[in-house]
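What follows is the content of target.cif, which has mmCIF, C-alpha atoms:
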data_start
#
loop_
_atom_site.group_PDB
_atom_site.id
_atom_site.type_symbol
_atom_site.label_atom_id
_atom_site.label_comp_id
_atom_site.auth_asym_id
_atom_site.auth_seq_id
_atom_site.Cartn_x
_atom_site.Cartn_y
_atom_site.Cartn_z
ATOM 1 C CA MET A 1 -18.761 46.709 22.864
ATOM 2 C CA TYR A 2 -15.952 47.920 25.102
ATOM 3 C CA SER A 3 -13.966 51.127 24.707
ATOM 4 C CA MET A 4 -10.191 51.272 25.137
ATOM 5 C CA ARG A 5 -7.824 54.224 25.121
ATOM 6 C CA ALA A 6 -4.066 54.589 24.793
ATOM 7 C CA ILE A 7 -2.199 54.920 28.111
ATOM 8 C CA GLY A 8 0.930 55.858 26.142
ATOM 9 C CA TYR A 9 2.868 55.171 22.953
ATOM 10 C CA VAL A 10 5.846 53.078 21.856
ATOM 11 C CA LYS A 11 9.126 54.643 20.672
ATOM 12 C CA SER A 12 10.456 52.004 18.293
ATOM 13 C CA PRO A 13 13.251 51.778 15.718
ATOM 14 C CA TYR A 14 10.714 50.222 13.331
ATOM 15 C CA LYS A 15 8.780 52.653 11.135
ATOM 16 C CA GLU A 16 7.152 50.053 8.855
ATOM 17 C CA ARG A 17 6.034 46.490 9.311
ATOM 18 C CA ALA A 18 8.545 45.144 6.752
ATOM 19 C CA GLU A 19 11.370 46.218 9.093
ATOM 20 C CA VAL A 20 10.226 44.031 11.991
ATOM 21 C CA PRO A 21 12.057 40.666 12.069
ATOM 22 C CA ARG A 22 9.495 37.924 11.324
ATOM 23 C CA GLY A 23 9.343 34.225 10.633
ATOM 24 C CA LEU A 24 11.241 31.246 12.012
ATOM 25 C CA GLY A 25 14.132 32.117 14.251
ATOM 26 C CA ALA A 26 13.354 35.847 14.256
ATOM 27 C CA LYS A 27 15.032 37.561 17.197
ATOM 28 C CA HIS A 28 13.378 40.461 18.951
ATOM 29 C CA GLU A 29 16.174 42.302 20.681
ATOM 30 C CA ALA A 30 15.413 45.823 19.509
ATOM 31 C CA GLU A 31 15.436 48.498 22.172
ATOM 32 C CA GLY A 32 12.612 50.960 22.524
ATOM 33 C CA VAL A 33 10.765 53.095 25.009
ATOM 34 C CA LEU A 34 7.263 52.791 26.441
ATOM 35 C CA GLU A 35 6.233 56.416 26.950
ATOM 36 C CA ILE A 36 3.369 56.490 29.415
ATOM 37 C CA ALA A 37 1.080 59.523 29.585
ATOM 38 C CA PRO A 38 1.760 61.745 32.645
ATOM 39 C CA GLU A 39 -1.727 61.102 34.039
ATOM 40 C CA PHE A 40 -0.898 57.374 34.376
ATOM 41 C CA GLU A 41 2.719 57.673 35.587
ATOM 42 C CA LYS A 42 1.833 56.895 39.202
ATOM 43 C CA GLY A 43 0.581 53.489 38.049
ATOM 44 C CA LEU A 44 4.218 52.568 37.247
ATOM 45 C CA THR A 45 5.201 52.674 40.950
ATOM 46 C CA ASP A 46 7.459 49.705 41.836
ATOM 47 C CA ILE A 47 7.578 48.399 38.276
ATOM 48 C CA GLU A 48 11.399 48.752 38.350
ATOM 49 C CA GLY A 49 11.623 45.524 40.353
ATOM 50 C CA PHE A 50 10.391 43.364 37.489
ATOM 51 C CA SER A 51 12.782 42.134 34.833
ATOM 52 C CA HIS A 52 10.088 41.371 32.250
ATOM 53 C CA LEU A 53 6.726 42.908 31.387
ATOM 54 C CA PHE A 54 3.723 42.047 29.278
ATOM 55 C CA VAL A 55 2.782 44.913 26.976
ATOM 56 C CA LEU A 56 -0.704 44.973 25.472
ATOM 57 C CA TRP A 57 -0.988 47.276 22.489
ATOM 58 C CA MET A 58 -3.090 48.068 19.435
ATOM 59 C CA PHE A 59 -2.382 46.898 15.893
ATOM 60 C CA ASP A 60 -3.459 50.402 14.853
ATOM 61 C CA ARG A 61 -2.275 50.045 11.256
ATOM 62 C CA SER A 62 -4.225 46.854 10.442
ATOM 63 C CA GLU A 63 -7.649 46.996 8.847
ATOM 64 C CA GLY A 64 -10.211 44.270 9.407
ATOM 65 C CA PHE A 65 -9.589 40.635 10.293
ATOM 66 C CA GLU A 66 -9.063 37.262 8.623
ATOM 67 C CA LEU A 67 -10.031 34.029 10.368
ATOM 68 C CA MET A 68 -7.416 32.078 8.378
ATOM 69 C CA GLY A 69 -3.994 33.306 7.369
ATOM 70 C CA THR A 70 -0.519 32.132 6.378
ATOM 71 C CA PRO A 71 2.120 33.388 8.813
ATOM 72 C CA PRO A 72 5.670 34.329 7.725
ATOM 73 C CA SER A 73 6.977 31.273 9.608
ATOM 74 C CA ASP A 74 5.041 28.725 7.541
ATOM 75 C CA ASN A 75 3.664 28.096 4.055
ATOM 76 C CA ARG A 76 0.347 26.766 5.365
ATOM 77 C CA ALA A 77 -2.687 28.676 6.601
ATOM 78 C CA HIS A 78 -3.768 28.507 10.240
ATOM 79 C CA GLY A 79 -6.596 29.972 12.309
ATOM 80 C CA VAL A 80 -6.021 33.517 13.530
ATOM 81 C CA PHE A 81 -6.194 32.418 17.188
ATOM 82 C CA ALA A 82 -3.352 29.954 16.550
ATOM 83 C CA THR A 83 -1.123 32.729 15.156
ATOM 84 C CA ARG A 84 0.077 36.214 16.051
ATOM 85 C CA SER A 85 -1.512 37.736 12.922
ATOM 86 C CA PRO A 86 -2.385 41.451 13.218
ATOM 87 C CA TYR A 87 -5.697 40.828 11.426
ATOM 88 C CA ARG A 88 -7.655 39.810 14.539
ATOM 89 C CA PRO A 89 -11.290 40.394 15.541
ATOM 90 C CA ASN A 90 -9.890 42.533 18.384
ATOM 91 C CA PRO A 91 -6.520 43.753 17.073
ATOM 92 C CA ILE A 92 -4.629 43.596 20.368
ATOM 93 C CA GLY A 93 -0.914 42.792 20.291
ATOM 94 C CA LEU A 94 0.953 41.133 23.172
ATOM 95 C CA THR A 95 4.711 41.387 23.594
ATOM 96 C CA VAL A 96 6.995 40.281 26.422
ATOM 97 C CA VAL A 97 9.773 42.842 26.889
ATOM 98 C CA GLU A 98 12.755 43.043 29.209
ATOM 99 C CA LEU A 99 12.739 46.168 31.373
ATOM 100 C CA VAL A 100 16.166 47.803 31.165
ATOM 101 C CA ARG A 101 15.451 50.922 33.225
ATOM 102 C CA ARG A 102 12.793 53.441 34.102
ATOM 103 C CA ASP A 103 13.055 57.201 33.819
ATOM 104 C CA GLY A 104 9.845 58.681 35.236
ATOM 105 C CA PRO A 105 7.057 57.913 32.743
ATOM 106 C CA ARG A 106 9.484 56.296 30.293
ATOM 107 C CA LEU A 107 10.249 52.569 30.387
ATOM 108 C CA TYR A 108 13.383 51.642 28.430
ATOM 109 C CA VAL A 109 12.864 48.086 27.221
ATOM 110 C CA ARG A 110 14.451 45.396 25.068
ATOM 111 C CA GLY A 111 12.502 43.162 22.733
ATOM 112 C CA VAL A 112 10.101 45.527 20.995
ATOM 113 C CA ASP A 113 8.383 44.278 17.854
ATOM 114 C CA MET A 114 5.892 47.138 17.641
ATOM 115 C CA LEU A 115 6.031 50.017 15.166
ATOM 116 C CA GLU A 116 6.935 53.587 16.088
ATOM 117 C CA GLY A 117 3.934 55.336 17.624
ATOM 118 C CA THR A 118 2.000 52.175 18.514
ATOM 119 C CA PRO A 119 -0.685 52.868 21.151
ATOM 120 C CA ILE A 120 -0.173 51.022 24.451
ATOM 121 C CA LEU A 121 -3.257 49.673 26.218
ATOM 122 C CA ASP A 122 -1.818 48.031 29.334
ATOM 123 C CA ILE A 123 1.354 46.867 31.058
ATOM 124 C CA LYS A 124 1.472 43.904 33.447
ATOM 125 C CA PRO A 125 4.273 42.242 35.394
ATOM 126 C CA TYR A 126 5.533 38.928 34.000
ATOM 127 C CA LEU A 127 5.347 36.660 37.035
ATOM 128 C CA SER A 128 6.042 33.100 35.946
ATOM 129 C CA SER A 129 6.865 30.955 32.954
ATOM 130 C CA VAL A 130 5.456 27.736 31.623
ATOM 131 C CA ASP A 131 8.014 24.952 32.023
ATOM 132 C CA PRO A 132 9.610 24.578 28.550
ATOM 133 C CA GLU A 133 9.385 20.795 28.932
ATOM 134 C CA LYS A 134 5.600 21.067 29.139
ATOM 135 C CA LEU A 135 5.242 23.349 26.147
ATOM 136 C CA ARG A 136 3.926 22.116 22.790
ATOM 137 C CA ARG A 137 4.068 24.609 19.943
ATOM 138 C CA GLY A 138 1.752 23.097 17.329
ATOM 139 C CA TRP A 139 2.210 24.125 13.709
ATOM 140 C CA LEU A 140 5.166 26.324 14.647
ATOM 141 C CA GLY A 141 7.126 23.373 16.025
ATOM 142 C CA GLU A 142 6.230 21.394 12.893
ATOM 143 C CA ALA A 143 7.328 24.210 10.575
ATOM 144 C CA GLU A 144 10.630 24.434 12.447
ATOM 145 C CA ALA A 145 11.131 20.677 12.164
ATOM 146 C CA ARG A 146 10.483 20.770 8.393
ATOM 147 C CA LYS A 147 13.008 23.562 8.027
ATOM 148 C CA GLY A 148 15.478 21.359 9.927
ATOM 149 C CA MET B 1 -10.634 55.329 21.510
ATOM 150 C CA TYR B 2 -10.792 51.743 20.276
ATOM 151 C CA SER B 3 -13.815 49.447 20.301
ATOM 152 C CA MET B 4 -13.602 45.809 21.346
ATOM 153 C CA ARG B 5 -16.197 43.061 21.257
ATOM 154 C CA ALA B 6 -16.500 39.654 22.863
ATOM 155 C CA ILE B 7 -15.451 36.745 20.636
ATOM 156 C CA GLY B 8 -16.922 34.359 23.217
ATOM 157 C CA TYR B 9 -17.422 33.770 26.919
ATOM 158 C CA VAL B 10 -15.777 31.796 29.722
ATOM 159 C CA LYS B 11 -17.509 28.891 31.472
ATOM 160 C CA SER B 12 -15.934 28.957 34.925
ATOM 161 C CA PRO B 13 -16.571 27.296 38.291
ATOM 162 C CA TYR B 14 -16.188 30.744 39.893
ATOM 163 C CA LYS B 15 -19.347 32.805 40.200
ATOM 164 C CA GLU B 16 -17.917 35.576 42.390
ATOM 165 C CA ARG B 17 -14.512 37.127 42.792
ATOM 166 C CA ALA B 18 -14.137 35.932 46.404
ATOM 167 C CA GLU B 19 -14.097 32.323 45.130
ATOM 168 C CA VAL B 20 -11.015 32.815 42.943
ATOM 169 C CA PRO B 21 -7.776 31.759 44.711
ATOM 170 C CA ARG B 22 -5.682 34.885 45.269
ATOM 171 C CA GLY B 23 -2.530 35.967 47.032
ATOM 172 C CA LEU B 24 0.823 34.297 47.610
ATOM 173 C CA GLY B 25 1.025 30.715 46.497
ATOM 174 C CA ALA B 26 -2.456 30.716 44.952
ATOM 175 C CA LYS B 27 -2.820 27.864 42.496
ATOM 176 C CA HIS B 28 -4.905 28.226 39.382
ATOM 177 C CA GLU B 29 -5.798 24.719 38.360
ATOM 178 C CA ALA B 30 -9.528 25.152 37.874
ATOM 179 C CA GLU B 31 -10.971 23.722 34.697
ATOM 180 C CA GLY B 32 -13.232 25.741 32.475
ATOM 181 C CA VAL B 33 -14.337 26.190 28.893
ATOM 182 C CA LEU B 34 -13.680 28.987 26.424
ATOM 183 C CA GLU B 35 -16.880 29.083 24.358
ATOM 184 C CA ILE B 36 -16.124 30.870 21.120
ATOM 185 C CA ALA B 37 -18.961 32.344 19.071
ATOM 186 C CA PRO B 38 -19.791 30.266 15.945
ATOM 187 C CA GLU B 39 -18.843 33.129 13.619
ATOM 188 C CA PHE B 40 -15.238 32.952 14.924
ATOM 189 C CA GLU B 41 -14.870 29.152 15.173
ATOM 190 C CA LYS B 42 -12.807 28.901 11.991
ATOM 191 C CA GLY B 43 -10.173 31.081 13.657
ATOM 192 C CA LEU B 44 -9.465 28.175 16.054
ATOM 193 C CA THR B 45 -8.091 25.999 13.219
ATOM 194 C CA ASP B 46 -4.896 24.187 14.330
ATOM 195 C CA ILE B 47 -5.059 25.522 17.870
ATOM 196 C CA GLU B 48 -5.155 21.910 19.155
ATOM 197 C CA GLY B 49 -1.405 21.640 18.623
ATOM 198 C CA PHE B 50 -0.590 24.153 21.348
ATOM 199 C CA SER B 51 -0.350 23.072 24.963
ATOM 200 C CA HIS B 52 -0.779 26.569 26.393
ATOM 201 C CA LEU B 53 -2.688 29.663 25.323
ATOM 202 C CA PHE B 54 -2.854 33.322 26.266
ATOM 203 C CA VAL B 55 -6.421 34.420 26.912
ATOM 204 C CA LEU B 56 -7.230 38.145 26.835
ATOM 205 C CA TRP B 57 -10.500 38.985 28.511
ATOM 206 C CA MET B 58 -12.521 41.809 30.063
ATOM 207 C CA PHE B 59 -12.763 42.559 33.768
ATOM 208 C CA ASP B 60 -16.431 43.244 33.060
ATOM 209 C CA ARG B 61 -17.433 43.429 36.720
ATOM 210 C CA SER B 62 -14.894 46.108 37.745
ATOM 211 C CA GLU B 63 -15.816 49.794 37.753
ATOM 212 C CA GLY B 64 -13.195 52.483 37.199
ATOM 213 C CA PHE B 65 -9.478 52.292 37.922
ATOM 214 C CA GLU B 66 -6.991 52.998 40.708
ATOM 215 C CA LEU B 67 -3.380 53.906 39.924
ATOM 216 C CA MET B 68 -2.233 52.539 43.306
ATOM 217 C CA GLY B 69 -3.576 49.489 45.068
ATOM 218 C CA THR B 70 -2.715 46.856 47.652
ATOM 219 C CA PRO B 71 -2.808 43.362 46.153
ATOM 220 C CA PRO B 72 -3.914 40.277 48.126
ATOM 221 C CA SER B 73 -0.321 39.015 48.046
ATOM 222 C CA ASP B 74 1.140 41.983 49.958
ATOM 223 C CA ASN B 75 0.305 44.564 52.629
ATOM 224 C CA ARG B 76 1.870 47.433 50.686
ATOM 225 C CA ALA B 77 0.437 49.453 47.808
ATOM 226 C CA HIS B 78 1.953 49.229 44.317
ATOM 227 C CA GLY B 79 1.267 50.862 40.963
ATOM 228 C CA VAL B 80 -1.496 49.252 38.934
ATOM 229 C CA PHE B 81 0.906 48.377 36.090
ATOM 230 C CA ALA B 82 3.061 46.440 38.577
ATOM 231 C CA THR B 83 0.082 44.329 39.689
ATOM 232 C CA ARG B 84 -2.733 42.248 38.213
ATOM 233 C CA SER B 85 -5.411 44.479 39.759
ATOM 234 C CA PRO B 86 -8.763 44.490 37.921
ATOM 235 C CA TYR B 87 -9.023 48.271 38.379
ATOM 236 C CA ARG B 88 -7.001 49.209 35.309
ATOM 237 C CA PRO B 89 -7.330 52.119 32.843
ATOM 238 C CA ASN B 90 -8.133 49.453 30.215
ATOM 239 C CA PRO B 91 -9.616 46.567 32.224
ATOM 240 C CA ILE B 92 -8.110 43.747 30.180
ATOM 241 C CA GLY B 93 -7.220 40.496 31.951
ATOM 242 C CA LEU B 94 -4.499 38.117 30.757
ATOM 243 C CA THR B 95 -4.381 34.454 31.745
ATOM 244 C CA VAL B 96 -2.170 31.601 30.574
ATOM 245 C CA VAL B 97 -4.213 28.403 30.375
ATOM 246 C CA GLU B 98 -3.372 24.833 29.465
ATOM 247 C CA LEU B 99 -5.413 23.521 26.544
ATOM 248 C CA VAL B 100 -6.837 20.118 27.487
ATOM 249 C CA ARG B 101 -8.951 19.499 24.393
ATOM 250 C CA ARG B 102 -11.062 21.171 21.752
ATOM 251 C CA ASP B 103 -14.627 20.322 20.827
ATOM 252 C CA GLY B 104 -15.597 22.529 17.864
ATOM 253 C CA PRO B 105 -15.983 26.077 19.193
ATOM 254 C CA ARG B 106 -15.316 24.975 22.784
ATOM 255 C CA LEU B 107 -11.806 24.933 24.255
ATOM 256 C CA TYR B 108 -11.561 22.891 27.458
ATOM 257 C CA VAL B 109 -8.771 24.443 29.501
ATOM 258 C CA ARG B 110 -7.036 24.225 32.888
ATOM 259 C CA GLY B 111 -5.976 27.235 34.897
ATOM 260 C CA VAL B 112 -8.951 29.593 34.657
ATOM 261 C CA ASP B 113 -9.077 32.486 37.115
ATOM 262 C CA MET B 114 -11.916 34.310 35.372
ATOM 263 C CA LEU B 115 -15.510 34.474 36.562
ATOM 264 C CA GLU B 116 -18.412 32.663 34.920
ATOM 265 C CA GLY B 117 -19.574 34.567 31.850
ATOM 266 C CA THR B 118 -16.410 36.645 31.419
ATOM 267 C CA PRO B 119 -16.166 38.101 27.880
ATOM 268 C CA ILE B 120 -13.167 36.844 25.871
ATOM 269 C CA LEU B 121 -11.385 39.355 23.608
ATOM 270 C CA ASP B 122 -8.624 37.283 22.056
ATOM 271 C CA ILE B 123 -6.722 33.990 22.197
ATOM 272 C CA LYS B 124 -3.067 33.640 21.198
ATOM 273 C CA PRO B 125 -0.663 30.696 21.174
ATOM 274 C CA TYR B 126 1.929 30.637 23.970
ATOM 275 C CA LEU B 127 5.177 30.207 22.056
ATOM 276 C CA SER B 128 8.069 30.620 24.462
ATOM 277 C CA SER B 129 8.940 31.270 28.079
ATOM 278 C CA VAL B 130 11.333 33.638 29.764
ATOM 279 C CA ASP B 131 14.181 31.669 31.347
ATOM 280 C CA PRO B 132 13.259 31.422 35.066
ATOM 281 C CA GLU B 133 16.877 32.222 35.943
ATOM 282 C CA LYS B 134 16.534 35.588 34.212
ATOM 283 C CA LEU B 135 13.248 36.500 35.881
ATOM 284 C CA ARG B 136 13.048 39.083 38.677
ATOM 285 C CA ARG B 137 9.658 39.458 40.324
ATOM 286 C CA GLY B 138 9.941 42.774 42.188
ATOM 287 C CA TRP B 139 7.612 43.365 45.127
ATOM 288 C CA LEU B 140 6.093 39.911 44.711
ATOM 289 C CA GLY B 141 9.443 38.202 45.263
ATOM 290 C CA GLU B 142 10.021 40.443 48.297
ATOM 291 C CA ALA B 143 6.588 39.689 49.757
ATOM 292 C CA GLU B 144 7.225 35.959 49.334
ATOM 293 C CA ALA B 145 10.626 36.305 51.040
ATOM 294 C CA ARG B 146 9.063 38.161 53.997
ATOM 295 C CA LYS B 147 6.455 35.431 54.338
ATOM 296 C CA GLY B 148 9.321 32.916 54.390
#
Please rewrite the model in this file as structure tokens.
Amino acid sequence: MYSMRAIGYVKSPYKERAEVPRGLGAKHEAEGVLEIAPEFEKGLTDIEGFSHLFVLWMFDRSEGFELMGTPPSDNRAHGVFATRSPYRPNPIGLTVVELVRRDGPRLYVRGVDMLEGTPILDIKPYLSSVDPEKLRRGWLGEAEARKG
Amino acid sequence: MYSMRAIGYVKSPYKERAEVPRGLGAKHEAEGVLEIAPEFEKGLTDIEGFSHLFVLWMFDRSEGFELMGTPPSDNRAHGVFATRSPYRPNPIGLTVVELVRRDGPRLYVRGVDMLEGTPILDIKPYLSSVDPEKLRRGWLGEAEARKG
């Protein structure tokens, strides 16, 4: 077993899960703030230069896990590791956000899909993208095609 | 505090950190296997359809953390959250791999930069990329420009 702690918390416009856009074509353009604890602020040095960040965070309002589940973007069940379900063996969320600006320990970002008060575990620079032409998106691509 | 457990382990050609390609222009094309524990195998259902996966894993051979550090790709120190340093407050690693094939609980992948026996925390489908034209890469872009 490994122990993790919050390095900060998310300020988000979303108070409940039902408010977060989900399913096919959902856009994540909400603005929010990553408020990092003062003791970790120095670790943000030079982060301003990056346009996009990976945020690792806790699904702290999900209990337990399900190995199979039906996501909002499909009417068929898929394995948890092939979805972004919150009911994971280790309930870690991963979101790519755009960094708008930094104010000391506060990172103003665009693209939050976390709830207000979500604990942040880690932040990493987004360094490179997979070529869209090389990307296959499994059941999600199929669900989109069925929707037409 | 949050508790995490391994859902499986990485089979990697790298036994020690010094063997992993690092620094500017490092290529990660090594092949390896994500061996998922039998109790979680069902959670891999339908993962075959995705060409790329996010793998979250533990830096289990790193002790403690450093808020500032000098990465192999630069000669200047940067904040830990602006680098991929293993010495993080929560020592979680994140790697994008290409899924070559699945054999039951074993995912054969390309692009491993983890060490042999690294504990895996989570696997997620890679769904979309940031447009390369919109990506700024901070100190890393500057270090590459200086190198010329």
I want to know what sits within 10 Å of Val112 of chain A, based on all atoms listed in the file, with residues of the same chain fewer than 4 positions away left out; could you give that as a short mmCIF file (atom, residue, chain, number, x, y, z; two decimals) with C-alpha atoms, keeping the file's coordinate frame?
data_model
loop_
_atom_site.label_atom_id
_atom_site.label_comp_id
_atom_site.auth_asym_id
_atom_site.auth_seq_id
_atom_site.Cartn_x
_atom_site.Cartn_y
_atom_site.Cartn_z
CA VAL A 10 5.85 53.08 21.86
CA LYS A 11 9.13 54.64 20.67
CA SER A 12 10.46 52.00 18.29
CA PRO A 13 13.25 51.78 15.72
CA TYR A 14 10.71 50.22 13.33
CA VAL A 20 10.23 44.03 11.99
CA HIS A 28 13.38 40.46 18.95
CA GLU A 29 16.17 42.30 20.68
CA ALA A 30 15.41 45.82 19.51
CA GLU A 31 15.44 48.50 22.17
CA GLY A 32 12.61 50.96 22.52
CA VAL A 33 10.76 53.10 25.01
CA LEU A 34 7.26 52.79 26.44
CA VAL A 55 2.78 44.91 26.98
CA THR A 95 4.71 41.39 23.59
CA VAL A 96 7.00 40.28 26.42
CA VAL A 97 9.77 42.84 26.89
CA GLU A 98 12.76 43.04 29.21
CA GLU A 116 6.94 53.59 16.09
#
Select, as a count of residues only, those residues of chain A with any atom no more than 9 Å from chain B (distances computed using only C-alpha atoms). 60
Mind fitting chain A onto chain B over all Cα atoms in sequence order and sending the result as a compact mmCIF listing (two decimals) with C-alpha atoms, keeping the file's coordinate frame?
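New file part-v5.txt:
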# COMPACT_ATOMS: atom_id res chain seq x y z
CA MET A 1 -10.67 55.34 21.54
CA TYR A 2 -10.80 51.76 20.29
CA SER A 3 -13.81 49.46 20.31
CA MET A 4 -13.60 45.81 21.34
CA ARG A 5 -16.22 43.07 21.27
CA ALA A 6 -16.50 39.65 22.87
CA ILE A 7 -15.44 36.74 20.63
CA GLY A 8 -16.92 34.35 23.21
CA TYR A 9 -17.42 33.77 26.92
CA VAL A 10 -15.77 31.80 29.72
CA LYS A 11 -17.51 28.88 31.47
CA SER A 12 -15.93 28.96 34.92
CA PRO A 13 -16.58 27.30 38.28
CA TYR A 14 -16.19 30.74 39.88
CA LYS A 15 -19.36 32.80 40.20
CA GLU A 16 -17.92 35.57 42.41
CA ARG A 17 -14.51 37.12 42.79
CA ALA A 18 -14.14 35.92 46.41
CA GLU A 19 -14.10 32.32 45.13
CA VAL A 20 -11.02 32.81 42.94
CA PRO A 21 -7.80 31.73 44.72
CA ARG A 22 -5.68 34.86 45.30
CA GLY A 23 -2.54 35.93 47.09
CA LEU A 24 0.82 34.28 47.64
CA GLY A 25 1.02 30.69 46.54
CA ALA A 26 -2.45 30.70 44.97
CA LYS A 27 -2.82 27.84 42.51
CA HIS A 28 -4.90 28.22 39.39
CA GLU A 29 -5.80 24.71 38.35
CA ALA A 30 -9.53 25.14 37.87
CA GLU A 31 -10.97 23.71 34.69
CA GLY A 32 -13.24 25.73 32.47
CA VAL A 33 -14.34 26.19 28.90
CA LEU A 34 -13.67 28.99 26.43
CA GLU A 35 -16.87 29.08 24.37
CA ILE A 36 -16.12 30.87 21.12
CA ALA A 37 -18.96 32.35 19.07
CA PRO A 38 -19.80 30.27 15.95
CA GLU A 39 -18.84 33.13 13.63
CA PHE A 40 -15.23 32.96 14.92
CA GLU A 41 -14.87 29.16 15.17
CA LYS A 42 -12.81 28.90 11.99
CA GLY A 43 -10.17 31.08 13.65
CA LEU A 44 -9.46 28.18 16.05
CA THR A 45 -8.08 26.00 13.21
CA ASP A 46 -4.90 24.18 14.33
CA ILE A 47 -5.06 25.52 17.87
CA GLU A 48 -5.17 21.91 19.16
CA GLY A 49 -1.42 21.63 18.62
CA PHE A 50 -0.59 24.14 21.34
CA SER A 51 -0.36 23.07 24.95
CA HIS A 52 -0.78 26.57 26.39
CA LEU A 53 -2.69 29.67 25.32
CA PHE A 54 -2.85 33.32 26.27
CA VAL A 55 -6.42 34.43 26.91
CA LEU A 56 -7.22 38.14 26.84
CA TRP A 57 -10.50 38.98 28.51
CA MET A 58 -12.51 41.80 30.06
CA PHE A 59 -12.76 42.57 33.77
CA ASP A 60 -16.44 43.25 33.06
CA ARG A 61 -17.44 43.45 36.72
CA SER A 62 -14.90 46.12 37.75
CA GLU A 63 -15.81 49.79 37.75
CA GLY A 64 -13.20 52.48 37.21
CA PHE A 65 -9.48 52.29 37.92
CA GLU A 66 -6.99 53.01 40.70
CA LEU A 67 -3.38 53.92 39.92
CA MET A 68 -2.22 52.55 43.30
CA GLY A 69 -3.58 49.51 45.07
CA THR A 70 -2.72 46.86 47.65
CA PRO A 71 -2.81 43.36 46.15
CA PRO A 72 -3.93 40.28 48.13
CA SER A 73 -0.33 39.02 48.05
CA ASP A 74 1.13 41.98 49.95
CA ASN A 75 0.31 44.55 52.62
CA ARG A 76 1.88 47.42 50.67
CA ALA A 77 0.45 49.43 47.80
CA HIS A 78 1.96 49.23 44.31
CA GLY A 79 1.27 50.86 40.95
CA VAL A 80 -1.50 49.25 38.92
CA PHE A 81 0.91 48.37 36.09
CA ALA A 82 3.07 46.43 38.56
CA THR A 83 0.08 44.33 39.68
CA ARG A 84 -2.73 42.26 38.19
CA SER A 85 -5.41 44.50 39.75
CA PRO A 86 -8.76 44.50 37.91
CA TYR A 87 -9.04 48.28 38.38
CA ARG A 88 -6.99 49.22 35.30
CA PRO A 89 -7.32 52.12 32.84
CA ASN A 90 -8.13 49.47 30.21
CA PRO A 91 -9.60 46.57 32.22
CA ILE A 92 -8.10 43.74 30.18
CA GLY A 93 -7.21 40.50 31.94
CA LEU A 94 -4.48 38.11 30.75
CA THR A 95 -4.38 34.46 31.75
CA VAL A 96 -2.16 31.60 30.57
CA VAL A 97 -4.21 28.40 30.38
CA GLU A 98 -3.36 24.83 29.46
CA LEU A 99 -5.41 23.52 26.54
CA VAL A 100 -6.84 20.12 27.49
CA ARG A 101 -8.96 19.50 24.39
CA ARG A 102 -11.07 21.18 21.76
CA ASP A 103 -14.63 20.32 20.83
CA GLY A 104 -15.60 22.52 17.87
CA PRO A 105 -15.98 26.08 19.20
CA ARG A 106 -15.32 24.98 22.79
CA LEU A 107 -11.81 24.94 24.26
CA TYR A 108 -11.56 22.89 27.46
CA VAL A 109 -8.77 24.45 29.51
CA ARG A 110 -7.05 24.23 32.88
CA GLY A 111 -5.98 27.23 34.89
CA VAL A 112 -8.94 29.59 34.65
CA ASP A 113 -9.08 32.47 37.11
CA MET A 114 -11.91 34.30 35.37
CA LEU A 115 -15.51 34.47 36.57
CA GLU A 116 -18.41 32.65 34.92
CA GLY A 117 -19.57 34.57 31.85
CA THR A 118 -16.41 36.64 31.41
CA PRO A 119 -16.16 38.09 27.88
CA ILE A 120 -13.16 36.85 25.87
CA LEU A 121 -11.38 39.35 23.62
CA ASP A 122 -8.60 37.28 22.06
CA ILE A 123 -6.72 33.99 22.19
CA LYS A 124 -3.06 33.63 21.19
CA PRO A 125 -0.65 30.70 21.16
CA TYR A 126 1.93 30.64 23.96
CA LEU A 127 5.18 30.21 22.05
CA SER A 128 8.08 30.61 24.46
CA SER A 129 8.94 31.27 28.07
CA VAL A 130 11.33 33.63 29.76
CA ASP A 131 14.17 31.66 31.35
CA PRO A 132 13.26 31.44 35.07
CA GLU A 133 16.88 32.23 35.94
CA LYS A 134 16.53 35.59 34.21
CA LEU A 135 13.26 36.51 35.87
CA ARG A 136 13.04 39.09 38.66
CA ARG A 137 9.65 39.45 40.32
CA GLY A 138 9.93 42.76 42.18
CA TRP A 139 7.61 43.37 45.12
CA LEU A 140 6.09 39.91 44.71
CA GLY A 141 9.43 38.20 45.28
CA GLU A 142 10.01 40.46 48.29
CA ALA A 143 6.57 39.70 49.75
CA GLU A 144 7.24 35.98 49.34
CA ALA A 145 10.62 36.32 51.05
CA ARG A 146 9.05 38.18 54.00
CA LYS A 147 6.46 35.45 54.34
CA GLY A 148 9.34 32.94 54.41
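Proximity ranking of A:Lys27, A:Arg61, A:Arg76, A:Arg22 relative to Leu115 of chain A places A:Arg61 first, based on only C-alpha atoms.
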Extract, using all atoms listed in the file, all DNA, RNA and protein residues at most 8 Å from Val100 of chain A, discarding same-chain residues fewer than 4 positions from it, and format them as a PDB file with C-alpha atoms, keeping the file's coordinate frame.
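Dumped everything to around22.pdb:
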ATOM      1  CA  SER A  51      12.782  42.134  34.833  1.00  0.00           C
ATOM      2  CA  LEU A 107      10.249  52.569  30.387  1.00  0.00           C
ATOM      3  CA  TYR A 108      13.383  51.642  28.430  1.00  0.00           C
ATOM      4  CA  VAL A 109      12.864  48.086  27.221  1.00  0.00           C
ATOM      5  CA  ARG A 110      14.451  45.396  25.068  1.00  0.00           C
TER       6      ARG A 110
END
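In this model, the gap between atom CA of Gly117 of chain B and atom CA of Tyr9 of chain B comes to 5.4 Å.
Our summary of the geometry notes that atom CA of Pro119 of chain B is positioned 9.9 Å from atom CA of Ile36 of chain B.
You will find atom CA of Ser62 of chain A at 6.3 Å from atom CA of Tyr87 of chain A.
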List as JSON, numbers by chain the protein and nucleic acid residues near Ser73 of chain A, meaning an atom at most 9 Å away when only C-alpha atoms are counted, but skip any in the same chain fewer than 6 places from it. {"A": [22, 23, 24, 25, 140, 143, 144]}
